[in-house]
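*Asks:* What follows is the file query-v2.tsv, containing TSV, C-alpha atoms and all ligand atoms:
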```
chain	number	residue	atom	x	y	z
A	1	MET	CA	0.00	0.00	0.00
A	2	ILE	CA	1.38	3.40	-1.03
A	3	HIS	CA	-1.64	5.66	-1.48
A	4	ARG	CA	-5.12	5.40	-2.99
A	5	MET	CA	-5.37	5.29	-6.77
A	6	CYS	CA	-8.33	5.01	-9.11
A	7	MET	CA	-8.69	4.18	-12.78
A	8	GLY	CA	-11.52	3.69	-15.26
A	9	LEU	CA	-15.20	3.36	-14.35
A	10	LEU	CA	-16.34	3.63	-10.74
A	11	PRO	CA	-19.78	4.09	-9.12
A	12	PRO	CA	-20.06	6.92	-6.56
A	13	LYS	CA	-20.37	4.41	-3.71
A	14	PRO	CA	-18.87	0.92	-3.27
A	15	HIS	CA	-21.26	-2.02	-3.47
A	16	THR	CA	-23.76	-0.23	-5.72
A	17	THR	CA	-24.66	-0.81	-9.37
A	18	LEU	CA	-22.25	0.10	-12.17
A	19	TYR	CA	-23.18	-0.36	-15.83
A	20	GLU	CA	-21.03	-0.22	-18.98
A	21	ASN	CA	-23.00	-0.02	-22.23
A	22	GLY	CA	-26.11	-1.10	-20.32
A	23	LYS	CA	-24.37	-4.20	-18.88
A	24	LEU	CA	-24.00	-4.65	-15.14
A	25	LEU	CA	-20.38	-5.00	-14.02
A	26	MET	CA	-19.29	-7.45	-11.31
A	27	GLU	CA	-17.58	-5.97	-8.27
A	28	GLN	CA	-14.61	-7.74	-6.65
A	29	MET	CA	-13.03	-6.72	-3.34
A	30	VAL	CA	-9.37	-7.59	-2.79
A	31	THR	CA	-8.70	-7.36	0.94
A	32	ARG	CA	-5.69	-7.89	3.21
A	33	GLN	CA	-5.94	-9.23	6.78
A	34	GLY	CA	-9.55	-10.23	6.33
A	35	PHE	CA	-11.39	-6.92	6.07
A	36	ASN	CA	-9.05	-5.07	8.45
A	37	GLY	CA	-6.21	-4.21	6.08
A	38	PRO	CA	-5.73	-2.31	2.83
A	39	TYR	CA	-8.16	-3.11	0.00
A	40	SER	CA	-9.00	-2.40	-3.60
A	41	ILE	CA	-12.31	-2.75	-5.43
A	42	LEU	CA	-12.33	-3.85	-9.07
A	43	TYR	CA	-15.20	-3.91	-11.59
A	44	TYR	CA	-15.19	-6.81	-14.09
A	45	ARG	CA	-16.98	-7.15	-17.40
A	46	VAL	CA	-17.27	-10.90	-16.74
A	47	PRO	CA	-17.22	-12.50	-13.29
A	48	PRO	CA	-13.66	-13.37	-12.22
A	49	THR	CA	-14.96	-16.62	-10.76
A	50	ASP	CA	-15.84	-18.63	-13.86
A	51	GLU	CA	-12.93	-21.07	-13.68
A	52	PHE	CA	-13.82	-24.63	-14.53
A	53	GLU	CA	-10.66	-26.71	-14.61
A	54	VAL	CA	-7.55	-27.06	-12.44
A	55	ARG	CA	-4.37	-29.00	-13.06
A	56	SER	CA	-1.01	-29.20	-11.27
A	57	LEU	CA	2.16	-27.67	-12.67
A	58	GLU	CA	5.83	-27.98	-11.73
A	59	LEU	CA	8.57	-25.52	-12.65
A	60	PRO	CA	11.62	-27.19	-11.04
A	61	GLY	CA	13.97	-24.74	-9.40
A	62	PHE	CA	11.14	-22.35	-8.66
A	63	CYS	CA	8.30	-24.55	-7.57
A	64	PRO	CA	9.33	-26.92	-6.19
A	65	VAL	CA	12.77	-25.79	-5.00
A	66	LYS	CA	15.51	-28.22	-4.01
A	67	LEU	CA	17.67	-27.22	-1.04
A	68	VAL	CA	21.28	-28.35	-0.57
A	69	GLU	CA	21.30	-31.10	2.02
A	70	LYS	CA	24.20	-29.77	4.08
A	71	GLN	CA	25.07	-26.10	4.28
A	72	PRO	CA	28.19	-25.64	6.43
A	73	LEU	CA	28.43	-22.23	8.06
A	74	HIS	CA	30.61	-19.96	5.94
A	75	ARG	CA	30.60	-16.85	3.78
A	76	ARG	CA	29.31	-17.46	0.29
A	77	HIS	CA	29.65	-15.86	-3.12
A	78	ILE	CA	27.01	-16.79	-5.67
A	79	ARG	CA	28.00	-15.84	-9.21
A	80	THR	CA	24.72	-14.97	-10.87
A	81	GLN	CA	26.88	-13.90	-13.83
A	82	ASP	CA	26.93	-17.66	-14.52
A	83	PHE	CA	23.15	-18.05	-14.20
A	84	LYS	CA	21.80	-19.36	-17.50
A	85	PRO	CA	19.36	-17.03	-19.31
A	86	ARG	CA	16.26	-18.93	-20.37
A	87	GLY	CA	12.48	-18.90	-20.57
A	88	ASP	CA	10.14	-16.06	-19.76
A	89	TYR	CA	9.49	-14.11	-16.56
A	90	LEU	CA	7.98	-17.23	-15.00
A	91	THR	CA	9.56	-20.29	-16.63
A	92	GLY	CA	13.04	-18.75	-16.37
A	93	ARG	CA	12.67	-17.91	-12.72
A	94	LYS	CA	14.74	-19.88	-10.19
A	95	THR	CA	15.03	-19.64	-6.42
A	96	LEU	CA	18.44	-19.16	-4.80
A	97	PHE	CA	17.74	-18.73	-1.06
A	98	VAL	CA	14.83	-19.67	1.15
A	99	ASN	CA	13.65	-19.20	4.69
A	100	ARG	CA	10.25	-19.03	6.34
A	101	ASP	CA	9.83	-15.29	5.64
A	102	VAL	CA	11.39	-14.65	2.26
A	103	GLN	CA	12.44	-16.45	-0.91
A	104	ILE	CA	15.07	-14.84	-3.10
A	105	GLY	CA	15.26	-15.76	-6.76
A	106	LEU	CA	16.57	-14.66	-10.10
A	107	CYS	CA	15.26	-14.54	-13.65
A	108	LYS	CA	17.14	-13.80	-16.85
A	109	ALA	CA	14.38	-13.88	-19.41
A	110	THR	CA	14.95	-14.53	-23.10
A	111	ASP	CA	11.39	-15.26	-24.25
A	112	ALA	CA	8.12	-13.39	-24.69
A	113	PRO	CA	5.78	-13.98	-21.74
A	114	GLY	CA	3.42	-16.92	-21.90
A	115	GLY	CA	0.49	-16.95	-19.54
A	116	PHE	CA	-0.37	-14.90	-16.49
A	117	PHE	CA	0.77	-15.81	-12.98
A	118	SER	CA	-0.43	-15.03	-9.48
A	119	ASN	CA	1.64	-15.56	-6.34
A	120	GLY	CA	-0.63	-16.42	-3.42
A	121	ASP	CA	2.29	-16.97	-1.03
A	122	GLY	CA	3.39	-13.35	-0.73
A	123	ASP	CA	4.06	-9.92	-2.15
A	124	GLU	CA	6.78	-9.91	-4.78
A	125	LEU	CA	9.53	-7.34	-5.24
A	126	TRP	CA	11.49	-7.43	-8.49
A	127	PHE	CA	14.70	-5.46	-8.79
A	128	ILE	CA	15.22	-4.98	-12.53
A	129	ASN	CA	18.97	-5.16	-13.09
A	130	GLU	CA	18.79	-5.31	-16.87
A	131	GLY	CA	16.09	-4.38	-19.32
A	132	SER	CA	12.86	-2.47	-19.32
A	133	GLY	CA	9.30	-3.33	-20.13
A	134	VAL	CA	5.77	-3.50	-18.78
A	135	LEU	CA	4.03	-5.32	-16.00
A	136	GLU	CA	0.57	-6.26	-17.23
A	137	SER	CA	-1.79	-6.99	-14.36
A	138	VAL	CA	-5.42	-6.93	-13.41
A	139	TYR	CA	-4.74	-3.32	-12.29
A	140	GLY	CA	-3.49	-2.28	-15.73
A	141	VAL	CA	-0.17	-1.51	-17.39
A	142	LEU	CA	2.85	-0.46	-15.32
A	143	ARG	CA	5.97	0.57	-17.22
A	144	PHE	CA	9.35	-0.11	-15.63
A	145	LYS	CA	12.96	0.51	-16.54
A	146	LYS	CA	16.45	-0.62	-15.56
A	147	HIS	CA	17.15	-0.32	-11.81
A	148	ASP	CA	13.49	-0.05	-10.87
A	149	TYR	CA	11.98	-2.04	-8.06
A	150	VAL	CA	8.57	-3.42	-9.06
A	151	LEU	CA	6.34	-4.30	-6.12
A	152	ILE	CA	3.53	-6.75	-6.97
A	153	PRO	CA	0.89	-7.41	-4.30
A	154	ILE	CA	0.12	-10.97	-3.25
A	155	SER	CA	-2.42	-12.77	-5.48
A	156	THR	CA	-2.21	-10.21	-8.29
A	157	PRO	CA	-2.63	-11.89	-11.71
A	158	TYR	CA	0.22	-10.50	-13.82
A	159	ARG	CA	2.83	-11.13	-16.43
A	160	ILE	CA	6.05	-9.30	-17.27
A	161	ARG	CA	6.80	-8.33	-20.83
A	162	PHE	CA	10.42	-7.22	-21.22
A	163	ASP	CA	11.30	-5.01	-24.18
A	164	ASP	CA	13.01	-7.26	-26.77
A	165	ASN	CA	11.96	-10.12	-24.44
A	166	ARG	CA	15.23	-9.85	-22.51
A	167	GLY	CA	15.63	-8.74	-18.93
A	168	THR	CA	17.14	-9.64	-15.57
A	169	GLY	CA	15.34	-9.43	-12.24
A	170	LEU	CA	16.31	-10.24	-8.68
A	171	ILE	CA	13.09	-11.35	-7.00
A	172	PHE	CA	12.05	-11.25	-3.36
A	173	GLU	CA	8.91	-13.09	-2.28
A	174	GLY	CA	7.88	-11.70	1.11
A	175	ARG	CA	5.71	-13.99	3.17
A	176	PRO	CA	3.09	-12.76	3.46
A	177	TRP	CA	3.96	-9.11	2.95
A	178	LEU	CA	6.66	-6.77	1.68
A	179	GLY	CA	6.29	-3.01	1.43
A	180	VAL	CA	7.15	0.42	2.80
A	181	PRO	CA	8.53	0.05	6.34
A	182	PRO	CA	5.83	1.08	8.82
A	183	GLU	CA	8.28	3.40	10.61
A	184	TYR	CA	8.45	5.56	7.47
A	185	ARG	CA	4.79	6.53	7.86
A	186	ASN	CA	3.18	9.03	10.18
A	187	ASN	CA	0.09	8.18	12.21
A	188	TRP	CA	-2.08	9.25	9.29
A	189	GLY	CA	-0.52	6.80	6.83
A	190	GLN	CA	1.41	9.41	4.87
A	191	ILE	CA	5.08	8.73	4.12
A	192	SER	CA	7.04	10.96	6.51
A	193	ASP	CA	9.27	13.73	5.28
A	194	TYR	CA	12.24	12.05	6.98
A	195	ALA	CA	11.75	8.82	5.00
A	196	PRO	CA	14.34	8.28	2.23
A	197	PHE	CA	11.63	8.67	-0.45
A	198	SER	CA	8.25	10.30	-0.90
A	199	HIS	CA	4.88	9.33	-2.35
A	200	ARG	CA	5.95	10.97	-5.61
A	201	ASP	CA	8.71	8.40	-6.14
A	202	PHE	CA	6.22	5.53	-6.55
A	203	ARG	CA	4.61	5.02	-9.96
A	204	GLY	CA	1.37	3.09	-10.40
A	205	PRO	CA	-0.29	1.63	-13.50
A	206	THR	CA	-1.00	4.22	-16.17
A	207	GLU	CA	-3.79	2.57	-18.17
A	208	LEU	CA	-6.11	-0.41	-17.99
A	209	LEU	CA	-5.26	-3.56	-19.91
A	210	THR	CA	-6.55	-3.77	-23.47
A	211	LEU	CA	-7.63	-7.30	-24.25
A	212	ASP	CA	-8.30	-7.00	-27.98
A	213	GLY	CA	-9.83	-10.22	-29.24
A	214	GLU	CA	-8.92	-12.10	-26.07
A	215	THR	CA	-11.97	-11.22	-23.98
A	216	HIS	CA	-14.03	-14.30	-24.68
A	217	LYS	CA	-11.23	-16.80	-25.16
A	218	SER	CA	-10.79	-19.42	-22.49
A	219	PHE	CA	-7.81	-18.48	-20.41
A	220	GLU	CA	-5.24	-20.06	-18.10
A	221	LEU	CA	-3.75	-18.57	-14.94
A	222	ALA	CA	-0.89	-20.21	-12.99
A	223	ILE	CA	-1.28	-19.74	-9.24
A	224	LYS	CA	1.37	-20.40	-6.58
A	225	MET	CA	-0.06	-21.23	-3.17
A	226	GLY	CA	1.61	-23.13	-0.35
A	227	ASP	CA	4.69	-23.64	-2.56
A	228	GLU	CA	2.63	-25.58	-5.10
A	229	LEU	CA	1.68	-24.44	-8.57
A	230	SER	CA	-1.67	-25.05	-10.19
A	231	VAL	CA	-3.08	-23.89	-13.49
A	232	HIS	CA	-6.65	-22.63	-13.48
A	233	LYS	CA	-8.69	-22.50	-16.66
A	234	PHE	CA	-11.29	-19.74	-16.96
A	235	LYS	CA	-14.21	-19.53	-19.35
A	236	HIS	CA	-13.53	-15.83	-19.98
A	237	HIS	CA	-10.46	-13.66	-19.62
A	238	PRO	CA	-10.31	-13.02	-15.86
A	239	LEU	CA	-8.42	-9.73	-16.20
A	240	ASN	CA	-11.22	-7.94	-18.04
A	241	VAL	CA	-11.55	-4.95	-15.72
A	242	ALA	CA	-13.40	-1.69	-16.49
A	243	GLY	CA	-12.21	0.21	-13.43
A	244	TRP	CA	-10.81	-0.05	-9.93
A	245	ASP	CA	-9.82	2.00	-6.92
A	246	GLY	CA	-8.01	1.33	-3.66
A	247	THR	CA	-4.57	0.95	-2.16
A	248	ILE	CA	-3.62	-2.51	-3.45
A	249	TYR	CA	-1.93	-2.36	-6.87
A	250	PRO	CA	1.59	-2.77	-8.29
A	251	VAL	CA	4.07	0.09	-8.12
A	252	ALA	CA	7.50	0.86	-9.55
A	253	PHE	CA	10.26	2.73	-7.72
A	254	SER	CA	13.68	3.60	-9.14
A	255	ILE	CA	16.59	2.80	-6.83
A	256	HIS	CA	18.04	6.13	-8.07
A	257	ASP	CA	15.16	7.92	-6.32
A	258	PHE	CA	16.30	6.56	-2.95
A	259	GLN	CA	17.63	9.52	-0.95
A	260	PRO	CA	20.76	8.34	0.87
A	261	LYS	CA	21.72	9.73	4.25
A	262	THR	CA	25.25	10.40	5.44
A	263	GLY	CA	26.46	11.17	8.94
A	264	LEU	CA	29.40	12.64	10.79
A	265	VAL	CA	30.59	9.04	11.17
A	266	HIS	CA	29.49	5.75	9.63
A	267	LEU	CA	25.75	5.17	9.82
A	268	PRO	CA	24.53	1.56	10.11
A	269	PRO	CA	22.97	-0.16	7.08
A	270	THR	CA	19.57	0.30	8.69
A	271	ILE	CA	19.69	3.84	7.31
A	272	HIS	CA	19.49	2.35	3.80
A	273	THR	CA	16.24	0.42	4.43
A	274	ASN	CA	13.98	0.71	1.40
A	275	PHE	CA	11.41	-2.06	1.96
A	276	ALA	CA	10.50	-4.33	4.85
A	277	GLY	CA	8.67	-7.59	5.34
A	278	SER	CA	8.00	-9.98	8.18
A	279	GLY	CA	11.45	-10.95	9.49
A	280	PHE	CA	13.52	-9.19	6.83
A	281	VAL	CA	14.39	-5.86	5.19
A	282	VAL	CA	15.54	-4.85	1.71
A	283	CYS	CA	18.06	-1.98	1.63
A	284	SER	CA	19.34	0.18	-1.23
A	285	PHE	CA	22.98	1.29	-1.33
A	286	VAL	CA	23.29	4.14	-3.82
A	287	PRO	CA	26.10	6.54	-4.78
A	288	ARG	CA	26.51	9.11	-2.03
A	289	LYS	CA	28.82	11.30	-0.05
A	290	VAL	CA	30.37	9.47	2.88
A	291	ASP	CA	31.09	10.40	6.50
A	292	TYR	CA	32.53	13.86	7.07
A	293	HIS	CA	34.31	13.56	10.46
A	294	PRO	CA	38.01	14.33	9.70
A	295	GLN	CA	39.07	10.98	11.19
A	296	ALA	CA	36.09	9.01	9.92
A	297	ILE	CA	36.57	5.51	8.49
A	298	PRO	CA	33.92	5.33	5.77
A	299	CYS	CA	34.40	1.61	5.03
A	300	PRO	CA	32.16	-0.54	7.24
A	301	TYR	CA	33.78	-2.10	10.31
A	302	ALA	CA	33.92	-5.83	10.97
A	303	HIS	CA	30.43	-6.78	11.94
A	304	ALA	CA	29.09	-9.57	14.14
A	305	SER	CA	25.44	-9.43	13.16
A	306	VAL	CA	24.48	-12.13	15.59
A	307	ASP	CA	20.79	-12.28	14.73
A	308	MET	CA	20.67	-11.69	10.99
A	309	ASP	CA	21.92	-13.22	7.73
A	310	GLU	CA	23.03	-10.65	5.15
A	311	ILE	CA	22.65	-10.93	1.39
A	312	LEU	CA	24.18	-8.34	-0.93
A	313	TYR	CA	23.49	-8.15	-4.67
A	314	TYR	CA	26.12	-5.98	-6.32
A	315	VAL	CA	24.77	-3.87	-9.17
A	316	ASP	CA	27.26	-1.23	-10.22
A	317	GLY	CA	30.09	1.04	-9.06
A	318	ASN	CA	33.01	0.40	-6.81
A	319	PHE	CA	32.27	-2.05	-4.00
A	320	THR	CA	34.56	-0.49	-1.47
A	321	SER	CA	34.61	-3.19	1.16
A	322	ARG	CA	34.91	-6.33	-0.98
A	323	ARG	CA	37.33	-7.80	-3.49
A	324	GLY	CA	36.66	-10.53	-6.05
A	325	ILE	CA	33.10	-9.31	-6.27
A	326	GLU	CA	31.70	-8.08	-9.55
A	327	ALA	CA	28.41	-6.68	-10.75
A	328	GLU	CA	25.74	-9.41	-10.45
A	329	SER	CA	27.60	-11.16	-7.62
A	330	ILE	CA	25.61	-12.12	-4.53
A	331	SER	CA	27.36	-12.50	-1.19
A	332	LEU	CA	25.85	-14.25	1.80
A	333	HIS	CA	27.33	-13.40	5.18
A	334	PRO	CA	25.52	-15.55	7.72
A	335	LYS	CA	24.95	-14.83	11.36
A	336	GLY	CA	27.24	-16.85	13.63
A	337	ILE	CA	30.46	-15.64	11.99
A	338	THR	CA	31.87	-12.14	11.73
A	339	HIS	CA	31.94	-10.43	8.36
A	340	GLY	CA	33.76	-7.30	7.33
A	341	PRO	CA	35.82	-5.52	4.73
A	342	HIS	CA	38.42	-7.36	2.73
A	343	PRO	CA	42.04	-6.78	3.81
A	344	GLY	CA	43.26	-3.36	2.75
A	345	THR	CA	39.88	-1.83	1.92
A	346	TYR	CA	39.29	-0.56	5.47
A	347	GLU	CA	42.55	1.40	5.57
A	348	ARG	CA	42.19	2.69	2.01
A	349	SER	CA	38.76	4.20	2.69
A	350	ILE	CA	40.18	6.80	5.12
A	351	GLY	CA	39.96	10.24	3.58
A	352	THR	CA	37.53	9.29	0.80
A	353	SER	CA	34.52	11.55	0.37
A	354	THR	CA	32.17	9.62	-1.93
A	355	THR	CA	31.21	6.09	-2.89
A	356	SER	CA	29.80	5.01	-6.24
A	357	GLU	CA	28.44	1.65	-5.06
A	358	LEU	CA	25.00	0.54	-6.19
A	359	ALA	CA	23.75	-2.56	-4.44
A	360	VAL	CA	20.67	-4.22	-2.98
A	361	MET	CA	20.89	-5.82	0.45
A	362	CYS	CA	18.54	-8.20	2.24
A	363	ASP	CA	18.91	-8.91	5.96
A	364	THR	CA	16.90	-11.77	7.40
A	365	TYR	CA	16.29	-12.90	10.96
A	366	GLU	CA	15.91	-16.55	10.05
A	367	ALA	CA	18.92	-18.24	8.47
A	368	LEU	CA	18.77	-18.55	4.69
A	369	ARG	CA	19.00	-21.99	3.13
A	370	MET	CA	20.70	-22.26	-0.22
A	371	THR	CA	19.10	-24.08	-3.15
A	372	THR	CA	20.91	-26.43	-5.52
A	373	ILE	CA	20.58	-23.74	-8.21
A	374	ALA	CA	22.61	-21.32	-6.03
A	375	ALA	CA	25.10	-24.06	-5.14
A	376	GLY	CA	25.66	-24.70	-8.84
A	377	ILE	CA	27.01	-21.17	-9.38
A	378	GLU	CA	28.85	-20.73	-6.09
A	379	ASP	CA	32.45	-19.47	-5.93
A	380	VAL	CA	33.53	-21.93	-3.27
A	381	ASP	CA	36.83	-20.15	-2.53
A	382	TYR	CA	35.13	-16.98	-1.30
A	383	HIS	CA	35.13	-17.87	2.38
A	384	ARG	CA	38.91	-17.78	2.70
A	385	THR	CA	39.55	-14.68	0.57
A	386	TRP	CA	40.01	-12.57	3.69
A	387	VAL	CA	43.50	-14.05	3.96
A	388	ASP	CA	45.87	-13.78	1.05
A	389	ARG	CA	48.15	-16.56	2.13
A	390	GLU	CA	47.17	-19.27	4.52
A	391	GLY	CA	47.05	-17.67	7.96
A	392	GLU	CA	48.50	-14.32	6.87
A	393	SER	CA	46.30	-11.33	6.28
A	394	GLU	CA	47.39	-8.10	4.62
A	395	TRP	CA	46.60	-6.40	7.91
A	396	LEU	CA	49.30	-8.48	9.65
A	397	LEU	CA	51.76	-8.02	6.78
A	398	ASP	CA	51.24	-4.25	6.89
A	399	ARG	CA	51.85	-4.22	10.62
A	400	GLU	CA	55.07	-6.21	10.15
A	401	LYS	CA	56.18	-3.55	7.69
A	402	GLY	CA	55.48	-0.91	10.33
A	403	LYS	CA	52.66	0.75	8.39
B	501	FE	FE	26.85	-6.24	8.00
```
Just give me the structure as structure tokens.
Ligand SMILES: [Fe+2]
*Replies:*
Amino acid sequence: MIHRMCMGLLPPKPHTTLYENGKLLMEQMVTRQGFNGPYSILYYRVPPTDEFEVRSLELPGFCPVKLVEKQPLHRRHIRTQDFKPRGDYLTGRKTLFVNRDVQIGLCKATDAPGGFFSNGDGDELWFINEGSGVLESVYGVLRFKKHDYVLIPISTPYRIRFDDNRGTGLIFEGRPWLGVPPEYRNNWGQISDYAPFSHRDFRGPTELLTLDGETHKSFELAIKMGDELSVHKFKHHPLNVAGWDGTIYPVAFSIHDFQPKTGLVHLPPTIHTNFAGSGFVVCSFVPRKVDYHPQAIPCPYAHASVDMDEILYYVDGNFTSRRGIEAESISLHPKGITHGPHPGTYERSIGTSTTSELAVMCDTYEALRMTTIAAGIEDVDYHRTWVDREGESEWLLDREKGK
């Protein structure tokens, strides 16, 4: 929920008649938390309930996922540069990390989208690392571009059409929710002026879907619920909507609209929080000025985050604290062991005034389990790259040299 939007035909009051060309439209309420949460009301030209056939579907690597049997505790580097592009926004999608609260996946699409999909397990957040295109959903057409986040509410029928059919997205599935952190709102629901973004930074759908010639075709919708996929066949196109209003609908947000904050000395990553869910946060690290105390050390300190796993997806720029990491790399620094800057990067950051890093971080309370897809593209040497020779760090070598 960002703010209320409306589009197309609406009656003056909910739950009253609405006609289009003399034909009564069917109202649908989409509600969160029973009737206590945000809601939207949609008006359909044909009832969205006329499904008549259901069959099971499996898309291995996404649904179901296969976890590695044993995951020893160590730092990990997943090279999504080596992830094979294939399929469309749905068939090419694979899951890399899983816990009870969030599933993190990747898609490198090469094909035009097939059918529509609805995720009943949680809100989805796509970070578009490559490509641009449109999200077509029951709420209409939402255009997105490179480095946008696209937030898709739970149980929204949608498909993603990348321009030239090619695009890369990092995908978070928040169970059951993912959205603007509650602390960024005032008591009246408005995004506070001290939040790192404003209402104006979120873009909603711009027009309703046009279903030329498709309206009366039978239609299939893939639904994910309880980590199982099923395909539902409808007698009419179930996205045939004449109007809607409410606070549930997809939005796009450019990571470049995130307003970074800098302090006298290093501010914790919490300051970069962009989205939150139950048991996890998604943070945006964007180019910014760094700490301005004359003796400040801008590079992050060694960090024992004893309650949270930390995922970083490196997008662009200079990743000041890490070596051997490239754009598209994902690092996992699990709770239980200390993580920190690579040897040399801490010292070299002293006196710097800016950073060009662009990255997406996810911190989770529950430990993340790695899938076999992630294990297949893991750089297994990453854990020991904090020492250059066995047992000797640059830090120690520098001290021996009297630096
Ligand atoms: Fe950390």
*Asks:* Quote the spacing between CA of Met361 (chain A) and CA of Val102 (chain A) in Å to one decimal place.
*Replies:*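 If I compute the distance from CA of Met361 (chain A) to CA of Val102 (chain A), I get 13.1 Å.
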*Asks:* Please tabulate, as JSON lines, the residues of chain A that come within 7 Å of ligand FE 501 (chain B), each with its closest pair of atoms and the distance in Å to one decimal, counting only C-alpha atoms and all ligand atoms and ordering rows by chain, then residue number upward.
*Replies:*
```
{"residue": "A:His303", "atom": "CA", "partner": "B:FE501", "partner_atom": "FE", "distance": 5.4}
{"residue": "A:Ser305", "atom": "CA", "partner": "B:FE501", "partner_atom": "FE", "distance": 6.2}
{"residue": "A:Glu310", "atom": "CA", "partner": "B:FE501", "partner_atom": "FE", "distance": 6.5}
{"residue": "A:His339", "atom": "CA", "partner": "B:FE501", "partner_atom": "FE", "distance": 6.6}
```
*Asks:* Have a look at A:Pro205, A:Phe319, A:Ser198, A:His147 and name the one nearest to Val134 (chain A); count all atoms listed in the file.
*Replies:*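 The shortest atom-to-atom distance to Val134 (chain A) comes from A:Pro205.
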*Asks:* Looking at A:Asn186, A:Ser40, A:Asn240, A:Gln81, which one is nearest to Val138 (chain A), with distances taken over all atoms listed in the file?
*Replies:* A:Asn240
*Asks:* Please compute the CA of Asp245 (chain A)-CA of Phe35 (chain A) distance, one decimal, in Å.
*Replies:* 15.8 Å
*Asks:* Just checking: using all atoms listed in the file, which residue out of A:Thr206, A:Thr80, A:Thr31, A:Ser137 ends up closest to Thr95 (chain A)?
*Replies:*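 When distances to Thr95 (chain A) are compared using all atoms listed in the file, the smallest one comes from A:Thr80.
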*Asks:* Kindly give the distance, in Å, that separates CA of Ile152 (chain A) and CA of His3 (chain A), rounded to a single decimal.
*Replies:*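 We find that CA of Ile152 (chain A) and CA of His3 (chain A) lie 14.5 Å from each other.
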*Asks:* Can you tell me which residues surround Asn119 (chain A) at a distance of at most 6 Å, considering only C-alpha atoms, apart from same-chain residues fewer than 2 positions away, and format the answer as a PDB file with C-alpha atoms, in the coordinates of the input?
*Replies:*
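Contents of the output file out.pdb:
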```pdb
ATOM      1  CA  ASP A 121       2.290 -16.970  -1.030  1.00  0.00           C
ATOM      2  CA  ILE A 154       0.120 -10.970  -3.250  1.00  0.00           C
ATOM      3  CA  SER A 155      -2.420 -12.770  -5.480  1.00  0.00           C
ATOM      4  CA  ILE A 223      -1.280 -19.740  -9.240  1.00  0.00           C
ATOM      5  CA  LYS A 224       1.370 -20.400  -6.580  1.00  0.00           C
TER       6      LYS A 224
END
```
*Asks:* Under the rule of at most 7 Å, produce a per-residue listing of region 137-193 of chain A near region 276-292 of chain A: chain, number, name, the closest pair of atoms, and the distance in Å, as a tab-separated table, using all atoms listed in the file.
*Replies:*
```
residue	atom	partner	partner_atom	distance
A:Gly174	CA	A:Gly277	CA	6.0
A:Arg175	CA	A:Ser278	CA	6.8
A:Trp177	CA	A:Gly277	CA	5.5
A:Leu178	CA	A:Gly277	CA	4.3
A:Gly179	CA	A:Ala276	CA	5.6
A:Val180	CA	A:Ala276	CA	6.2
A:Pro181	CA	A:Ala276	CA	5.0
```
*Asks:* Go through A:Ile311, A:Ile160, A:Leu211, A:Val68 one by one, measure the shortest atom-to-atom distance of each to Phe117 (chain A) using all atoms listed in the file, and give the residue with the smallest value.
*Replies:* A:Ile160
*Asks:* Using all atoms listed in the file for the distances, tell me which of A:Glu357, A:Glu326, A:Asp111, A:Asp309 is nearest to Asn99 (chain A).
*Replies:*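 Smallest distance to Asn99 (chain A) is found for A:Asp309.
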*Asks:* Can you work out which one of A:Val54, A:Leu106, A:Ile248, A:Leu151 has the shortest atom-to-atom distance to Val30 (chain A), counting all atoms listed in the file?
*Replies:*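 With all atoms listed in the file as the atom set, the closest residue is A:Ile248.
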*Asks:* Show which residues sit within 10 Å of Asp257 (chain A), as a VMD selection string. Count only C-alpha atoms, and ignore same-chain residues fewer than 5 positions away.
*Replies:* chain A and resid 148 196 to 198 200 to 202 286
*Asks:* For the selection you just gave me, I'd like the residues written to a file as a PDB file, in the coordinates of the input, keeping C-alpha atoms.
*Replies:*
```
ATOM      1  CA  ASP A 148      13.490  -0.050 -10.870  1.00  0.00           C
ATOM      2  CA  PRO A 196      14.340   8.280   2.230  1.00  0.00           C
ATOM      3  CA  PHE A 197      11.630   8.670  -0.450  1.00  0.00           C
ATOM      4  CA  SER A 198       8.250  10.300  -0.900  1.00  0.00           C
ATOM      5  CA  ARG A 200       5.950  10.970  -5.610  1.00  0.00           C
ATOM      6  CA  ASP A 201       8.710   8.400  -6.140  1.00  0.00           C
ATOM      7  CA  PHE A 202       6.220   5.530  -6.550  1.00  0.00           C
ATOM      8  CA  VAL A 286      23.290   4.140  -3.820  1.00  0.00           C
TER       9      VAL A 286
END
```
*Asks:* If you count only C-alpha atoms, which residues fall within 9 Å of Gly114 (chain A), apart from same-chain ones fewer than 6 positions away, as a PyMOL selection string?
*Replies:* chain A and resi 88-91+159
*Asks:* Can those selected residues be exported to a file as a JSON list (two decimals), in the frame of the given file so that it contains C-alpha atoms?
*Replies:*
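Wrote it out as again-v9.json, contents follow:
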```
[["chain", "number", "residue", "atom", "x", "y", "z"],
["A", 88, "ASP", "CA", 10.14, -16.06, -19.76],
["A", 89, "TYR", "CA", 9.49, -14.11, -16.56],
["A", 90, "LEU", "CA", 7.98, -17.23, -15.00],
["A", 91, "THR", "CA", 9.56, -20.29, -16.63],
["A", 159, "ARG", "CA", 2.83, -11.13, -16.43]]
```
*Asks:* Could I get the residues of region 44-150 of chain A with an atom no further than 9 Å from an atom of region 232-235 of chain A, each paired with its nearest atom pair and that distance in Å to one decimal, using only C-alpha atoms, sorted by chain and residue number, as JSON lines?
*Replies:*
```
{"residue": "A:Pro48", "atom": "CA", "partner": "A:Phe234", "partner_atom": "CA", "distance": 8.3}
{"residue": "A:Thr49", "atom": "CA", "partner": "A:Phe234", "partner_atom": "CA", "distance": 7.9}
{"residue": "A:Asp50", "atom": "CA", "partner": "A:Phe234", "partner_atom": "CA", "distance": 5.6}
{"residue": "A:Glu51", "atom": "CA", "partner": "A:Phe234", "partner_atom": "CA", "distance": 3.9}
{"residue": "A:Phe52", "atom": "CA", "partner": "A:Lys233", "partner_atom": "CA", "distance": 5.9}
{"residue": "A:Glu53", "atom": "CA", "partner": "A:Lys233", "partner_atom": "CA", "distance": 5.1}
{"residue": "A:Val54", "atom": "CA", "partner": "A:His232", "partner_atom": "CA", "distance": 4.6}
{"residue": "A:Arg55", "atom": "CA", "partner": "A:His232", "partner_atom": "CA", "distance": 6.8}
{"residue": "A:Ser56", "atom": "CA", "partner": "A:His232", "partner_atom": "CA", "distance": 8.9}
```
